[in-house]
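Novice: To be precise about what I am sending: the file is called run38.pdb and holds PDB, C-alpha atoms, pLDDT in the B column.
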ATOM      1  CA  MET A   1       0.000   0.000   0.000  1.00 64.00           C
ATOM      2  CA  THR A   2       1.495   3.314  -1.132  1.00 74.00           C
ATOM      3  CA  ASP A   3       1.504   6.364   1.112  1.00 85.00           C
ATOM      4  CA  PRO A   4      -0.776   9.024  -0.497  1.00 86.00           C
ATOM      5  CA  ILE A   5       1.813  11.773   0.039  1.00 88.00           C
ATOM      6  CA  ASP A   6       4.537   9.645  -1.598  1.00 88.00           C
ATOM      7  CA  ALA A   7       2.147   8.958  -4.474  1.00 88.00           C
ATOM      8  CA  LEU A   8       1.465  12.685  -4.944  1.00 85.00           C
ATOM      9  CA  LEU A   9       5.168  13.549  -4.898  1.00 89.00           C
ATOM     10  CA  SER A  10       6.004  10.784  -7.383  1.00 88.00           C
ATOM     11  CA  ALA A  11       3.099  11.686  -9.676  1.00 87.00           C
ATOM     12  CA  HIS A  12       4.444  15.240  -9.875  1.00 85.00           C
ATOM     13  CA  GLY A  13       8.035  14.158 -10.541  1.00 88.00           C
ATOM     14  CA  LEU A  14       9.374  15.065  -7.113  1.00 89.00           C
ATOM     15  CA  ARG A  15      11.661  13.056  -4.866  1.00 90.00           C
ATOM     16  CA  ARG A  16      10.005  11.504  -1.826  1.00 90.00           C
ATOM     17  CA  THR A  17      12.329  13.001   0.771  1.00 90.00           C
ATOM     18  CA  VAL A  18      11.566  13.245   4.477  1.00 90.00           C
ATOM     19  CA  ALA A  19      11.408  17.038   4.111  1.00 90.00           C
ATOM     20  CA  ALA A  20       9.028  16.928   1.136  1.00 91.00           C
ATOM     21  CA  ARG A  21       6.732  14.462   2.927  1.00 91.00           C
ATOM     22  CA  ARG A  22       6.696  16.605   6.087  1.00 92.00           C
ATOM     23  CA  VAL A  23       5.928  19.886   4.324  1.00 92.00           C
ATOM     24  CA  LEU A  24       3.278  18.498   1.993  1.00 92.00           C
ATOM     25  CA  GLY A  25       1.804  16.374   4.781  1.00 91.00           C
ATOM     26  CA  TRP A  26       1.522  19.386   7.094  1.00 91.00           C
ATOM     27  CA  LEU A  27      -0.182  21.542   4.463  1.00 91.00           C
ATOM     28  CA  LEU A  28      -2.562  18.760   3.426  1.00 89.00           C
ATOM     29  CA  ALA A  29      -3.454  18.216   7.094  1.00 90.00           C
ATOM     30  CA  HIS A  30      -4.335  21.938   7.382  1.00 87.00           C
ATOM     31  CA  PRO A  31      -6.142  22.617   4.069  1.00 79.00           C
ATOM     32  CA  ASP A  32      -8.045  25.711   5.212  1.00 73.00           C
ATOM     33  CA  THR A  33      -4.965  27.567   6.450  1.00 81.00           C
ATOM     34  CA  SER A  34      -2.367  29.462   4.463  1.00 82.00           C
ATOM     35  CA  TYR A  35       1.102  29.909   5.888  1.00 89.00           C
ATOM     36  CA  THR A  36       3.957  32.307   5.278  1.00 91.00           C
ATOM     37  CA  HIS A  37       7.385  30.723   4.961  1.00 93.00           C
ATOM     38  CA  ALA A  38       8.221  31.762   8.533  1.00 92.00           C
ATOM     39  CA  GLN A  39       4.921  30.434   9.931  1.00 91.00           C
ATOM     40  CA  LEU A  40       5.435  27.120   8.175  1.00 92.00           C
ATOM     41  CA  GLN A  41       8.983  26.848   9.492  1.00 91.00           C
ATOM     42  CA  VAL A  42       7.770  27.470  13.072  1.00 90.00           C
ATOM     43  CA  ALA A  43       4.900  24.985  12.667  1.00 89.00           C
ATOM     44  CA  LEU A  44       7.225  22.281  11.370  1.00 89.00           C
ATOM     45  CA  ALA A  45       9.801  22.997  14.087  1.00 86.00           C
ATOM     46  CA  GLY A  46       7.086  22.457  16.691  1.00 75.00           C
ATOM     47  CA  GLU A  47       6.542  19.032  15.176  1.00 66.00           C
ATOM     48  CA  GLY A  48       9.856  17.724  16.581  1.00 56.00           C
ATOM     49  CA  ASP A  49      12.609  18.553  14.077  1.00 49.00           C
ATOM     50  CA  ALA A  50      15.447  17.571  16.396  1.00 43.00           C
ATOM     51  CA  ALA A  51      13.942  14.227  17.400  1.00 48.00           C
ATOM     52  CA  ASP A  52      14.096  12.624  13.957  1.00 53.00           C
ATOM     53  CA  GLY A  53      17.006  14.608  12.516  1.00 50.00           C
ATOM     54  CA  SER A  54      14.873  16.145   9.782  1.00 58.00           C
ATOM     55  CA  ALA A  55      15.249  19.809  10.735  1.00 69.00           C
ATOM     56  CA  LEU A  56      14.459  22.107   7.832  1.00 82.00           C
ATOM     57  CA  ASP A  57      16.678  25.102   7.372  1.00 86.00           C
ATOM     58  CA  ARG A  58      15.256  28.266   5.860  1.00 89.00           C
ATOM     59  CA  VAL A  59      16.784  27.799   2.390  1.00 92.00           C
ATOM     60  CA  THR A  60      15.757  24.145   2.074  1.00 90.00           C
ATOM     61  CA  LEU A  61      12.199  25.075   3.002  1.00 93.00           C
ATOM     62  CA  TYR A  62      12.153  27.921   0.441  1.00 93.00           C
ATOM     63  CA  ARG A  63      13.353  25.609  -2.320  1.00 93.00           C
ATOM     64  CA  LEU A  64      10.913  22.878  -1.377  1.00 94.00           C
ATOM     65  CA  ILE A  65       7.953  25.266  -1.250  1.00 94.00           C
ATOM     66  CA  ASP A  66       8.982  26.638  -4.641  1.00 92.00           C
ATOM     67  CA  ARG A  67       9.105  23.147  -6.200  1.00 91.00           C
ATOM     68  CA  LEU A  68       5.757  22.137  -4.667  1.00 91.00           C
ATOM     69  CA  THR A  69       4.210  25.345  -6.008  1.00 87.00           C
ATOM     70  CA  GLN A  70       5.708  24.904  -9.492  1.00 84.00           C
ATOM     71  CA  VAL A  71       4.146  21.462  -9.888  1.00 84.00           C
ATOM     72  CA  GLY A  72       0.748  22.648  -8.645  1.00 80.00           C
ATOM     73  CA  LEU A  73       0.631  20.930  -5.251  1.00 86.00           C
ATOM     74  CA  LEU A  74       0.669  24.259  -3.399  1.00 87.00           C
ATOM     75  CA  LEU A  75      -1.122  27.504  -4.038  1.00 81.00           C
ATOM     76  CA  CYS A  76       0.963  30.632  -3.527  1.00 84.00           C
ATOM     77  CA  ARG A  77      -0.828  33.892  -2.826  1.00 80.00           C
ATOM     78  CA  VAL A  78       0.709  37.288  -2.454  1.00 80.00           C
ATOM     79  CA  ASP A  79      -1.372  39.443  -0.126  1.00 74.00           C
ATOM     80  CA  ALA A  80      -1.798  43.218  -0.198  1.00 70.00           C
ATOM     81  CA  SER A  81       1.332  43.599   1.965  1.00 76.00           C
ATOM     82  CA  ARG A  82       3.311  41.584  -0.624  1.00 84.00           C
ATOM     83  CA  VAL A  83       3.661  38.623   1.754  1.00 86.00           C
ATOM     84  CA  ARG A  84       3.603  35.196   0.152  1.00 89.00           C
ATOM     85  CA  ARG A  85       1.269  32.640   1.709  1.00 87.00           C
ATOM     86  CA  TYR A  86       1.112  28.961   0.815  1.00 89.00           C
ATOM     87  CA  GLN A  87      -1.527  26.283   1.192  1.00 85.00           C
ATOM     88  CA  ALA A  88      -2.319  22.884  -0.257  1.00 85.00           C
ATOM     89  CA  MET A  89      -3.996  23.081  -3.642  1.00 76.00           C
ATOM     90  CA  PRO A  90      -6.778  20.526  -4.045  1.00 63.00           C
ATOM     91  CA  SER A  91      -6.625  19.091  -7.559  1.00 57.00           C
ATOM     92  CA  SER A  92     -10.384  19.399  -8.023  1.00 52.00           C
ATOM     93  CA  VAL A  93     -10.526  23.127  -7.262  1.00 53.00           C
ATOM     94  CA  HIS A  94     -10.437  25.746 -10.008  1.00 50.00           C
ATOM     95  CA  ALA A  95     -10.860  28.780  -7.756  1.00 57.00           C
ATOM     96  CA  MET A  96     -10.151  29.131  -4.064  1.00 64.00           C
ATOM     97  CA  PRO A  97     -12.099  32.117  -2.790  1.00 74.00           C
ATOM     98  CA  HIS A  98     -10.653  33.717   0.318  1.00 75.00           C
ATOM     99  CA  PHE A  99     -10.834  36.906   2.364  1.00 80.00           C
ATOM    100  CA  GLU A 100      -7.692  38.857   3.302  1.00 79.00           C
ATOM    101  CA  CYS A 101      -8.089  41.196   6.271  1.00 83.00           C
ATOM    102  CA  GLN A 102      -6.221  44.461   5.732  1.00 82.00           C
ATOM    103  CA  SER A 103      -5.969  44.963   9.492  1.00 84.00           C
ATOM    104  CA  CYS A 104      -4.886  41.645  11.066  1.00 83.00           C
ATOM    105  CA  HIS A 105      -3.725  40.049   7.753  1.00 75.00           C
ATOM    106  CA  ARG A 106      -5.637  36.855   8.510  1.00 75.00           C
ATOM    107  CA  ASP A 107      -6.488  34.857   5.422  1.00 72.00           C
ATOM    108  CA  SER A 108      -9.876  33.108   5.666  1.00 74.00           C
ATOM    109  CA  PRO A 109     -11.421  30.670   3.182  1.00 71.00           C
ATOM    110  CA  LEU A 110     -14.796  31.738   1.818  1.00 73.00           C
ATOM    111  CA  GLU A 111     -15.994  28.392   0.504  1.00 67.00           C
ATOM    112  CA  SER A 112     -18.667  27.971   3.149  1.00 67.00           C
ATOM    113  CA  ALA A 113     -19.719  31.634   3.023  1.00 69.00           C
ATOM    114  CA  LEU A 114     -20.107  31.433  -0.763  1.00 68.00           C
ATOM    115  CA  GLN A 115     -21.619  27.940  -0.838  1.00 67.00           C
ATOM    116  CA  ALA A 116     -24.764  29.106  -2.637  1.00 68.00           C
ATOM    117  CA  SER A 117     -22.620  30.641  -5.384  1.00 71.00           C
ATOM    118  CA  ALA A 118     -19.940  27.925  -5.445  1.00 67.00           C
ATOM    119  CA  ASP A 119     -21.161  26.323  -8.671  1.00 72.00           C
ATOM    120  CA  ASP A 120     -21.350  29.690 -10.451  1.00 77.00           C
ATOM    121  CA  LEU A 121     -17.868  30.595  -9.244  1.00 73.00           C
ATOM    122  CA  ASP A 122     -16.448  27.238 -10.313  1.00 73.00           C
ATOM    123  CA  ARG A 123     -18.032  27.539 -13.785  1.00 79.00           C
ATOM    124  CA  ALA A 124     -16.661  31.079 -14.211  1.00 80.00           C
ATOM    125  CA  ALA A 125     -13.210  29.949 -13.109  1.00 77.00           C
ATOM    126  CA  GLN A 126     -13.264  26.951 -15.432  1.00 81.00           C
ATOM    127  CA  SER A 127     -14.375  29.159 -18.330  1.00 87.00           C
ATOM    128  CA  ALA A 128     -11.579  31.665 -17.678  1.00 85.00           C
ATOM    129  CA  LEU A 129      -8.965  28.892 -17.440  1.00 84.00           C
ATOM    130  CA  GLU A 130     -10.193  27.255 -20.658  1.00 89.00           C
ATOM    131  CA  ALA A 131     -10.056  30.594 -22.502  1.00 92.00           C
ATOM    132  CA  LEU A 132      -6.483  31.165 -21.334  1.00 90.00           C
ATOM    133  CA  LYS A 133      -5.495  27.590 -22.201  1.00 90.00           C
ATOM    134  CA  ALA A 134      -6.811  28.158 -25.748  1.00 93.00           C
ATOM    135  CA  LEU A 135      -4.408  31.111 -25.942  1.00 94.00           C
ATOM    136  CA  GLY A 136      -1.478  28.848 -24.998  1.00 93.00           C
ATOM    137  CA  TYR A 137      -1.175  29.515 -21.273  1.00 89.00           C
ATOM    138  CA  GLN A 138      -0.282  26.467 -19.153  1.00 82.00           C
ATOM    139  CA  GLY A 139      -0.134  25.332 -15.536  1.00 73.00           C
ATOM    140  CA  MET A 140      -2.711  27.831 -14.293  1.00 74.00           C
ATOM    141  CA  SER A 141      -4.753  28.250 -11.159  1.00 67.00           C
ATOM    142  CA  LEU A 142      -7.140  31.010 -10.240  1.00 70.00           C
ATOM    143  CA  ASP A 143      -6.984  33.024  -7.040  1.00 68.00           C
ATOM    144  CA  PHE A 144     -10.169  34.795  -5.990  1.00 73.00           C
ATOM    145  CA  ALA A 145      -9.338  37.249  -3.203  1.00 75.00           C
ATOM    146  CA  VAL A 146     -11.641  39.646  -1.432  1.00 79.00           C
ATOM    147  CA  ARG A 147      -9.798  42.264   0.609  1.00 82.00           C
ATOM    148  CA  GLY A 148     -11.184  44.387   3.422  1.00 87.00           C
ATOM    149  CA  VAL A 149     -11.497  44.382   7.211  1.00 90.00           C
ATOM    150  CA  CYS A 150     -12.762  41.210   8.901  1.00 88.00           C
ATOM    151  CA  ALA A 151     -15.678  41.261  11.328  1.00 89.00           C
ATOM    152  CA  ASP A 152     -13.383  40.748  14.353  1.00 89.00           C
ATOM    153  CA  CYS A 153     -11.210  43.755  13.459  1.00 90.00           C
ATOM    154  CA  ALA A 154     -14.204  45.897  12.525  1.00 90.00           C
ATOM    155  CA  THR A 155     -15.904  45.099  15.830  1.00 87.00           C
ATOM    156  CA  GLY A 156     -12.649  45.727  17.724  1.00 80.00           C
ATOM    157  CA  ALA A 157     -12.147  49.096  16.004  1.00 65.00           C
ATOM    158  CA  ALA A 158     -15.722  50.127  16.732  1.00 59.00           C
ATOM    159  CA  THR A 159     -15.348  49.112  20.394  1.00 68.00           C
ATOM    160  CA  ALA A 160     -12.054  50.998  20.701  1.00 65.00           C
ATOM    161  CA  ALA A 161     -13.575  54.123  19.106  1.00 62.00           C
ATOM    162  CA  ALA A 162     -16.548  53.980  21.492  1.00 66.00           C
ATOM    163  CA  LYS A 163     -14.229  53.726  24.528  1.00 67.00           C
ATOM    164  CA  GLY A 164     -11.788  56.359  23.283  1.00 59.00           C
TER     165      GLY A 164
END
Please, can you express the file's structure as structure tokens?

Specialist:
Amino acid sequence: MTDPIDALLSAHGLRRTVAARRVLGWLLAHPDTSYTHAQLQVALAGEGDAADGSALDRVTLYRLIDRLTQVGLLLCRVDASRVRRYQAMPSSVHAMPHFECQSCHRDSPLESALQASADDLDRAAQSALEALKALGYQGMSLDFAVRGVCADCATGAATAAAKG
């Protein structure tokens, strides 16, 4: 029986290293969360780097994230502050709607909030990707980002203004 993470790595032409399995495994285990490079490094370090000798240095992690993104296993987003965030890219998804808070910089998936419109969004994304493919573009994914202030920050700002 083949490990699903090993199968994914092999299917995308990547070596099945301990580091690659750890990074992809972590991101697949947390599909609704996007991580900066630094956040991912901290998360993986908390998983016991020293115990199994598989500590990931900063450069190795950068290179691995880059390779996983190039083959389409990770989605890379650049937020309004020009910070790159990574998350697992489900193969069946054409558009991953998300909300980026301009105040706390939290990145929240909108799939459940847009459930009623999910089919329309998926059809629009598929149509856009097919049109671009017909023009010769390859290896594409679509990022649907809504930017603003989240409810928690908006409520916090309103409370602070009322007290101040």

Novice: Could you list, with a cut-off of 9 Å and counting only C-alpha atoms, the residues of region 2-29 of chain A near region 61-78 of chain A, each shown with its nearest atom pair and the distance in Å rounded to one decimal, rows sorted by chain and ascending number, as CSV?

Specialist:
residue,atom,partner,partner_atom,distance
A:Leu8,CA,A:Leu73,CA,8.3
A:Leu9,CA,A:Leu68,CA,8.6
A:His12,CA,A:Val71,CA,6.2
A:Gly13,CA,A:Val71,CA,8.3
A:Leu14,CA,A:Arg67,CA,8.1
A:Ala19,CA,A:Leu64,CA,8.0
A:Ala20,CA,A:Leu64,CA,6.7
A:Val23,CA,A:Ile65,CA,8.0
A:Leu24,CA,A:Leu68,CA,8.0
A:Leu27,CA,A:Leu74,CA,8.4

Novice: Since I can't run it myself right now, could you work out what the PyMOL selection byres ((chain A and resi 26) around 10) selects here and report it as a JSON list (two decimals) with C-alpha atoms, keeping the file's coordinate frame?

Specialist:
[["chain", "number", "residue", "atom", "x", "y", "z"],
["A", 20, "ALA", "CA", 9.03, 16.93, 1.14],
["A", 21, "ARG", "CA", 6.73, 14.46, 2.93],
["A", 22, "ARG", "CA", 6.70, 16.60, 6.09],
["A", 23, "VAL", "CA", 5.93, 19.89, 4.32],
["A", 24, "LEU", "CA", 3.28, 18.50, 1.99],
["A", 25, "GLY", "CA", 1.80, 16.37, 4.78],
["A", 27, "LEU", "CA", -0.18, 21.54, 4.46],
["A", 28, "LEU", "CA", -2.56, 18.76, 3.43],
["A", 29, "ALA", "CA", -3.45, 18.22, 7.09],
["A", 30, "HIS", "CA", -4.34, 21.94, 7.38],
["A", 31, "PRO", "CA", -6.14, 22.62, 4.07],
["A", 40, "LEU", "CA", 5.44, 27.12, 8.18],
["A", 43, "ALA", "CA", 4.90, 24.98, 12.67],
["A", 44, "LEU", "CA", 7.22, 22.28, 11.37],
["A", 47, "GLU", "CA", 6.54, 19.03, 15.18],
["A", 87, "GLN", "CA", -1.53, 26.28, 1.19],
["A", 88, "ALA", "CA", -2.32, 22.88, -0.26]]

Novice: Return the padded bounding box of region 145-151 of chain A as AutoDock Vina command-line options: axis-aligned, built from all atoms listed in the file, 8 Å added on each side, with centre and edge lengths in Å to one decimal.

Specialist:
--center_x -12.5 --center_y 40.8 --center_z 4.1 --size_x 22.3 --size_y 23.1 --size_z 30.5

Novice: Distance CA of Val146 (chain A)-CA of Pro97 (chain A), one decimal place?

Specialist: 7.7 Å

Novice: Rounded to one decimal, what separation in Å do you get between CA of Cys101 (chain A) and CA of Asp122 (chain A)?

Specialist: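 Value for the CA of Cys101 (chain A)-CA of Asp122 (chain A) distance: 23.2 Å.
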
Novice: Provide the CA of Ser81 (chain A) to CA of Gln102 (chain A) distance in Å, to one decimal place.

Specialist: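 Separation between CA of Ser81 (chain A) and CA of Gln102 (chain A): 8.5 Å.
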
Novice: Measuring atom to atom with only C-alpha atoms, identify which of A:Ile5, A:Asp57, A:Tyr86, A:Cys150 is nearest to Val42 (chain A).

Specialist: A:Asp57

Novice: Write out as a PyMOL selection string each polymer residue whose atoms come within 7 Å of Pro109 (chain A), counting all atoms listed in the file; drop sequence neighbours fewer than 2 positions from it.

Specialist: chain A and resi 32+97-99+107+111

Novice: Choose the residue, out of A:Gln41, A:Ala134, A:Arg84, A:Ser10, that has the smallest atom-to-atom separation from His105 (chain A); count all atoms listed in the file.

Specialist: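 Result for the nearest residue to His105 (chain A): A:Arg84.
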
Novice: From the list A:Val83, A:Ala154, A:Ala38, A:Val18, which residue is nearest Ser103 (chain A) when using all atoms listed in the file?

Specialist: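 Among A:Val83, A:Ala154, A:Ala38, A:Val18, it is A:Ala154 that comes nearest to Ser103 (chain A).
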